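This is work.txt (compact mmCIF, C-alpha atoms).
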# COMPACT_ATOMS: atom_id res chain seq x y z
CA MET A 1 111.31 112.80 125.24
CA LEU A 2 112.96 113.15 128.66
CA PHE A 3 115.45 115.69 127.30
CA GLY A 4 118.90 115.51 128.84
CA THR A 5 118.79 111.83 129.81
CA SER A 6 121.04 109.23 128.20
CA LEU A 7 120.05 107.62 124.90
CA LEU A 8 119.89 104.16 126.47
CA PHE A 9 117.54 105.47 129.18
CA ARG A 10 115.22 107.02 126.59
CA ILE A 11 115.21 103.91 124.41
CA SER A 12 114.46 101.73 127.45
CA TYR A 13 111.64 104.07 128.45
CA PHE A 14 110.19 103.97 124.94
CA PHE A 15 110.41 100.18 124.76
CA THR A 16 108.60 99.72 128.08
CA SER A 17 105.98 102.30 127.06
CA PHE A 18 105.18 100.43 123.87
CA PHE A 19 105.33 96.96 125.40
CA PRO A 20 101.58 96.19 124.92
CA ALA A 21 101.66 97.14 121.23
CA LEU A 22 104.97 95.36 120.63
CA PHE A 23 103.67 92.25 122.37
CA LEU A 24 100.61 92.21 120.10
CA LEU A 25 102.88 92.58 117.09
CA SER A 26 105.10 89.74 118.30
CA LEU A 27 102.06 87.47 118.35
CA ASN A 28 101.34 88.52 114.78
CA PHE A 29 104.93 87.85 113.71
CA ARG A 30 104.58 84.38 115.16
CA ASN A 31 101.65 83.68 112.87
CA GLU A 32 103.17 85.42 109.86
CA MET A 33 106.36 83.31 110.05
CA GLU A 34 104.13 80.23 110.23
CA PHE A 35 106.06 78.65 113.05
CA HIS A 36 102.80 77.00 114.05
CA THR A 37 102.74 74.94 110.84
CA GLN A 38 106.41 74.07 110.97
CA TYR A 39 106.39 72.93 114.58
CA GLU A 40 102.77 71.96 115.09
CA ASN A 41 103.79 68.32 115.50
CA PHE A 42 106.28 69.14 118.26
CA ASN A 43 104.92 68.21 121.63
CA ASN A 44 108.06 69.14 123.50
CA ILE A 45 109.48 72.23 125.16
CA PHE A 46 111.66 73.11 122.17
CA GLY A 47 108.66 73.28 119.87
CA LEU A 48 106.78 75.50 122.31
CA LEU A 49 109.77 77.84 122.66
CA ILE A 50 110.01 78.21 118.87
CA TYR A 51 106.27 78.84 118.62
CA TRP A 52 106.40 81.53 121.32
CA MET A 53 109.85 82.88 120.44
CA TYR A 54 108.88 86.45 119.48
CA PRO A 55 106.46 87.02 122.40
CA ILE A 56 109.04 85.60 124.83
CA LEU A 57 111.81 87.83 123.43
CA THR A 58 109.56 90.89 123.57
CA LEU A 59 108.64 90.17 127.18
CA CYS A 60 112.27 89.54 128.16
CA PHE A 61 113.53 92.74 126.51
CA SER A 62 110.78 94.76 128.19
CA ILE A 63 111.58 93.32 131.61
CA LEU A 64 115.30 93.98 131.12
CA ALA A 65 114.54 97.56 130.04
CA ALA A 66 112.32 98.13 133.09
CA ARG A 67 114.97 96.65 135.39
CA TYR A 68 117.62 98.89 133.82
CA ILE A 69 115.48 101.99 134.40
CA LEU A 70 114.83 100.99 138.02
CA ARG A 71 118.52 100.38 138.76
CA TYR A 72 119.53 103.56 136.95
CA LEU A 73 117.09 105.64 138.99
CA MET A 74 118.18 104.06 142.28
CA LYS A 75 121.83 104.71 141.45
CA ARG A 76 121.24 108.38 140.61
CA GLN A 77 118.97 108.81 143.62
CA ASN A 78 121.68 107.68 146.06
CA ASP A 79 124.56 109.59 144.45
CA LYS A 80 125.14 113.02 145.96
CA ARG A 81 127.09 114.08 142.87
CA PHE A 82 123.80 114.40 140.97
CA GLU A 83 121.99 116.45 143.60
CA SER A 84 120.39 119.55 142.15
CA ASN A 85 121.29 122.84 143.82
CA SER A 86 118.86 124.86 141.74
CA CYS A 87 115.60 122.90 142.09
CA ALA A 88 113.54 121.38 144.89
CA LEU A 89 110.02 119.96 145.05
CA ASN A 90 107.62 121.61 147.49
CA PHE A 91 104.76 119.41 148.72
CA ASN A 92 103.67 121.99 151.31
CA ALA A 93 100.48 123.96 150.80
CA ARG A 94 102.41 127.13 151.71
CA PRO A 95 104.67 128.40 148.89
CA LYS A 96 108.40 128.33 149.54
CA LYS A 97 111.40 129.94 147.84
CA PHE A 98 115.19 129.82 148.02
CA LYS A 99 116.62 132.50 150.28
CA ASP A 100 119.41 133.36 147.86
CA GLY A 101 116.96 133.57 144.95
CA LEU A 102 119.19 131.31 142.82
CA GLY A 103 116.90 128.28 142.80
CA TYR A 104 113.43 127.34 141.61
CA MET A 105 110.86 125.76 143.92
CA ILE A 106 108.64 123.34 141.99
CA ASP A 107 105.02 123.26 143.11
CA GLY A 108 104.03 119.70 144.08
CA HIS A 109 100.30 120.49 144.26
CA ALA A 110 98.82 122.48 141.38
CA GLY A 111 98.22 120.48 138.21
CA VAL A 112 100.44 117.53 139.18
CA LYS A 113 99.74 114.33 137.21
CA ILE A 114 100.88 110.85 138.26
CA ASN A 115 101.37 108.17 135.57
CA SER A 116 98.94 110.03 133.34
CA GLY A 117 97.87 109.53 129.74
CA PHE A 118 96.79 105.88 129.68
CA ILE A 119 93.64 106.66 127.67
CA ALA A 120 95.73 108.47 125.06
CA PHE A 121 98.12 105.53 125.08
CA ALA A 122 95.34 103.03 124.37
CA ILE A 123 93.90 105.16 121.59
CA SER A 124 97.16 106.03 119.84
CA VAL A 125 99.12 102.78 120.14
CA VAL A 126 97.24 99.67 121.14
CA ALA A 127 94.12 100.31 119.05
CA PRO A 128 96.01 101.05 115.78
CA SER A 129 98.12 97.94 116.30
CA ILE A 130 95.02 95.79 116.53
CA ILE A 131 93.05 97.50 113.76
CA LEU A 132 95.90 97.63 111.24
CA THR A 133 96.75 94.02 111.95
CA LEU A 134 93.17 92.98 111.19
CA ILE A 135 92.84 95.19 108.11
CA ASN A 136 96.01 93.89 106.52
CA ASN A 137 95.12 90.24 107.00
CA GLY A 138 97.78 89.58 109.56
CA GLN A 139 100.48 91.83 108.11
CA ALA A 140 102.52 93.20 111.00
CA PHE A 141 104.54 95.78 109.01
CA PRO A 142 102.01 98.69 108.98
CA PRO A 143 101.51 98.90 112.76
CA LEU A 144 105.25 98.38 113.25
CA LEU A 145 105.88 101.35 110.95
CA VAL A 146 103.44 103.44 113.00
CA ILE A 147 105.31 102.58 116.20
CA PHE A 148 108.65 103.45 114.57
CA MET A 149 107.26 106.83 113.54
CA PHE A 150 106.16 107.39 117.14
CA PHE A 151 109.69 106.51 118.21
CA LEU A 152 111.31 109.08 115.90
CA LEU A 153 108.80 111.77 116.83
CA LEU A 154 109.12 111.31 120.58
CA MET A 155 112.91 111.07 120.52
CA MET A 156 112.99 114.53 118.94
CA SER A 157 110.39 116.10 121.23
CA ASN A 158 110.22 117.06 124.88
CA ASP A 159 106.87 115.33 125.39
CA VAL A 160 106.69 112.33 127.73
CA PHE A 161 104.76 109.26 126.65
CA PRO A 162 102.72 107.36 129.27
CA ASN A 163 104.31 104.17 130.52
CA ILE A 164 102.11 101.24 131.48
CA MET A 165 104.91 98.90 132.56
CA LEU A 166 107.14 100.88 134.93
CA PRO A 167 104.53 101.19 137.74
CA LEU A 168 104.56 97.39 137.91
CA PHE A 169 108.25 97.67 138.84
CA GLY A 170 107.64 100.37 141.44
CA VAL A 171 108.62 103.33 139.25
CA HIS A 172 106.20 106.25 138.97
CA LEU A 173 106.37 109.48 136.99
CA MET A 174 105.08 112.80 138.28
CA VAL A 175 104.56 115.58 135.74
CA THR A 176 104.16 119.04 137.25
CA GLN A 177 102.20 121.93 135.83
CA SER A 178 105.47 123.72 135.05
CA GLY A 179 106.64 120.81 132.86
CA TYR A 180 109.04 119.02 135.19
CA ASN A 181 109.23 115.22 134.96
CA ILE A 182 110.00 113.73 138.35
CA PHE A 183 110.41 110.00 138.90
CA TYR A 184 109.85 108.47 142.31
CA LEU A 185 109.75 104.92 143.66
CA SER A 186 106.79 103.19 145.29
CA LYS A 187 108.57 103.03 148.64
CA GLN A 188 108.71 106.85 148.61
CA GLY A 189 104.93 107.15 148.58
CA ASP A 190 104.92 107.77 152.34
CA ILE A 191 107.42 110.65 152.18
CA LEU A 192 105.70 112.85 149.61
CA SER A 193 105.61 115.78 152.00
CA GLY A 194 107.69 118.78 152.92
CA VAL A 195 110.35 120.12 150.54
CA LYS A 196 112.37 117.35 148.91
CA ARG A 197 115.72 117.44 147.20
CA LEU A 198 115.98 116.34 143.57
CA HIS A 199 118.73 114.48 141.72
CA THR A 200 119.28 115.10 138.02
CA LEU A 201 118.93 112.32 135.46
CA GLY A 202 120.79 114.07 132.66
CA ASN A 203 122.56 117.27 131.73
CA ALA A 204 121.80 120.65 133.21
CA GLY A 205 120.45 122.22 130.02
CA SER A 206 117.47 124.54 130.06
CA LEU A 207 115.25 121.87 128.43
CA SER A 208 116.40 119.14 130.78
CA LYS A 209 113.61 118.94 133.34
CA THR A 210 113.85 115.30 134.40
CA TYR A 211 114.70 114.34 137.97
CA ILE A 212 114.51 111.54 140.52
CA LEU A 213 113.02 112.40 143.91
CA SER A 214 115.49 112.17 146.79
CA ASN A 215 114.68 110.73 150.20
CA ASP A 216 116.23 113.80 151.83
CA SER A 217 114.50 117.05 152.63
CA LEU A 218 115.94 120.44 151.73
CA ASP A 219 117.70 122.23 154.59
CA ASP A 220 115.49 124.82 156.28
CA THR A 221 118.38 127.27 156.16
CA ARG A 222 118.15 127.42 152.36
CA MET A 223 114.48 128.35 152.06
CA GLU A 224 111.84 130.70 153.38
CA ASP A 225 108.12 131.39 152.94
CA GLU A 226 107.12 133.48 149.97

Could I get this file's structure written as structure tokens?
Amino acid sequence: MLFGTSLLFRISYFFTSFFPALFLLSLNFRNEMEFHTQYENFNNIFGLLIYWMYPILTLCFSILAARYILRYLMKRQNDKRFESNSCALNFNARPKKFKDGLGYMIDGHAGVKINSGFIAFAISVVAPSIILTLINNGQAFPPLLVIFMFFLLLMMSNDVFPNIMLPLFGVHLMVTQSGYNIFYLSKQGDILSGVKRLHTLGNAGSLSKTYILSNDSLDDTRMEDE
């Protein structure tokens, strides 16, 4: 998942992706630990915090993870050291190519998906969390095990899981037909035109196809029409 990026970035992305399912599980943990019986007579803030401890922690961790991803992307986006010399994103209808033939021009039109896969997300994560919780009479372990298996599988694959939380923080993911994962920020929605530079988010390996969209356009001297 997002090959080439740092482990902390991938874990943060996974945690924000699974926030709805984890939040549902945190509500179940609250009931399973029977905090409601232990503190049901508390009519103060402390009692409420104990009762809602797991949901509050889940929400806080998810927000921190989303904030980390946003700050990480903004830092890489504004650092020229991470500018890619071998890839650029072409939003023009007319195909472009590098004059020296040493770079790859990513097509920003054909087959591009933005924040895709929410139906698959609902079917594969949220629904099992609810169903397994009901079947097991409030036992949170089975759906938690399912989520952990998703975590192991995705960490060892190059597939990208849909993220329902990051768009709320102004972070969007564009997946091209050629398999490139390109993040961009909401404020960049008005500049999705021309040929844009890309900044890497990880190593330069052949399987590392994850970038952040730059605000700068590629120099005309480096490209020509196909």

Show me a table, sorted first by chain and then by increasing residue number, of the residues of stretch 84-172 of chain A having an atom at most 8 Å from stretch 15-26 of chain A, each with its shortest atom pair and the distance in Å to one decimal, counting only C-alpha atoms and written as a tab-separated table.
residue	atom	partner	partner_atom	distance
A:Val125	CA	A:Ala21	CA	6.3
A:Val126	CA	A:Ala21	CA	5.1
A:Ser129	CA	A:Ala21	CA	6.1
A:Ile130	CA	A:Leu24	CA	7.5
A:Ala140	CA	A:Leu25	CA	6.1
A:Pro143	CA	A:Leu25	CA	7.8
A:Leu144	CA	A:Leu25	CA	7.3
A:Ile147	CA	A:Phe18	CA	8.0
A:Phe161	CA	A:Ser17	CA	7.1
A:Pro162	CA	A:Ser17	CA	6.4
A:Asn163	CA	A:Ser17	CA	4.3
A:Ile164	CA	A:Ser17	CA	6.0
A:Met165	CA	A:Thr16	CA	5.9
A:Leu166	CA	A:Thr16	CA	7.1

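Atom CA of A:Met223 is positioned 21.1 Å from atom CA of A:Arg81.
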
Item to check | Selected residue, from A:Met53, A:Leu8, A:Met156, A:Met1, that lies nearest to A:Asn28 when counting only C-alpha atoms | outcome: A:Met53

Item to check | Selection near A:Phe82, 7 Å with all atoms listed in the file, sequence-local residues under 6 positions removed, as an NGL selection string | outcome: :A and (76 or 199-200)

Please produce an output containing C-alpha atoms for each residue in the selection, written as an mmCIF file, in the coordinates of the input.
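This went into again03.cif:
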data_model
loop_
_atom_site.group_PDB
_atom_site.id
_atom_site.type_symbol
_atom_site.label_atom_id
_atom_site.label_comp_id
_atom_site.auth_asym_id
_atom_site.auth_seq_id
_atom_site.Cartn_x
_atom_site.Cartn_y
_atom_site.Cartn_z
ATOM 1 C CA ARG A 76 121.240 108.380 140.610
ATOM 2 C CA HIS A 199 118.730 114.480 141.720
ATOM 3 C CA THR A 200 119.280 115.100 138.020
#

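Proximity to stretch 90-105 of chain A at 10 Å, evaluated using all atoms listed in the file and with sequence-adjacent residues fewer than 4 positions away removed, yields A:Ser84, A:Asn85, A:Ser86, A:His109, A:Ala110, A:Ile191, A:Leu192, A:Ser193, A:Gly194, A:Val195, A:Lys196, A:Arg197, A:Ser217, A:Leu218, A:Asp220, A:Thr221, A:Arg222, A:Met223, A:Glu224, A:Asp225, A:Glu226.
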
Checklist entry - If we count all atoms listed in the file, what is near A:Phe3 at a cut-off of 8 Å, once residues fewer than 2 positions away on the same chain are taken out, given as an NGL selection string? => result :A and (1 or 5 or 157-158 or 202 or 207-210)

Checklist entry - Given the choices A:Ile182, A:Leu173, A:Ile106, A:Ile212, which gets closest to A:Arg71 if the distance is worked out from all atoms listed in the file? => result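 With all atoms listed in the file as the atom set, the closest residue is A:Ile212.
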
Checklist entry - Which one of A:Val146, A:Met155, A:Ile63, A:Ala122 sits closest to A:Gly4 if you count all atoms listed in the file? => result A:Met155

Checklist entry - With distances taken over only C-alpha atoms, which of A:Met149, A:Val160, A:Val171, A:Leu154 is nearest to A:Tyr68? => result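 Among the listed residues, A:Val171 lies closest to A:Tyr68.
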
Item to check | atom CA of A:Val175 to atom CA of A:Leu7, distance in Å rounded to a single decimal | outcome: 20.5 Å

Checklist entry - Quick one: distance from atom CA of A:Asp216 to atom CA of A:Glu83 in Å, one decimal? => result 10.4 Å

Item to check | Residue among A:Leu57, A:Leu152, A:Leu89, A:Ala127 lying closest to A:Ser214, counting all atoms listed in the file | outcome: A:Leu89

Item to check | Minimum-distance residue to A:Pro167, chosen among A:Val112, A:Ile56, A:Leu145, A:Ile69 (using all atoms listed in the file) | outcome: A:Ile69

May I have a table of the residues of stretch 43-130 of chain A lying at most 9 Å from stretch 185-188 of chain A, giving each one's closest pair of atoms and their distance in Å to one decimal, counting all atoms listed in the file, ordered by chain and ascending residue number, as CSV?
residue,atom,partner,partner_atom,distance
A:Leu70,CA,A:Leu185,CA,8.5
A:Leu73,CA,A:Leu185,CA,8.7
A:Met74,CA,A:Leu185,CA,8.6
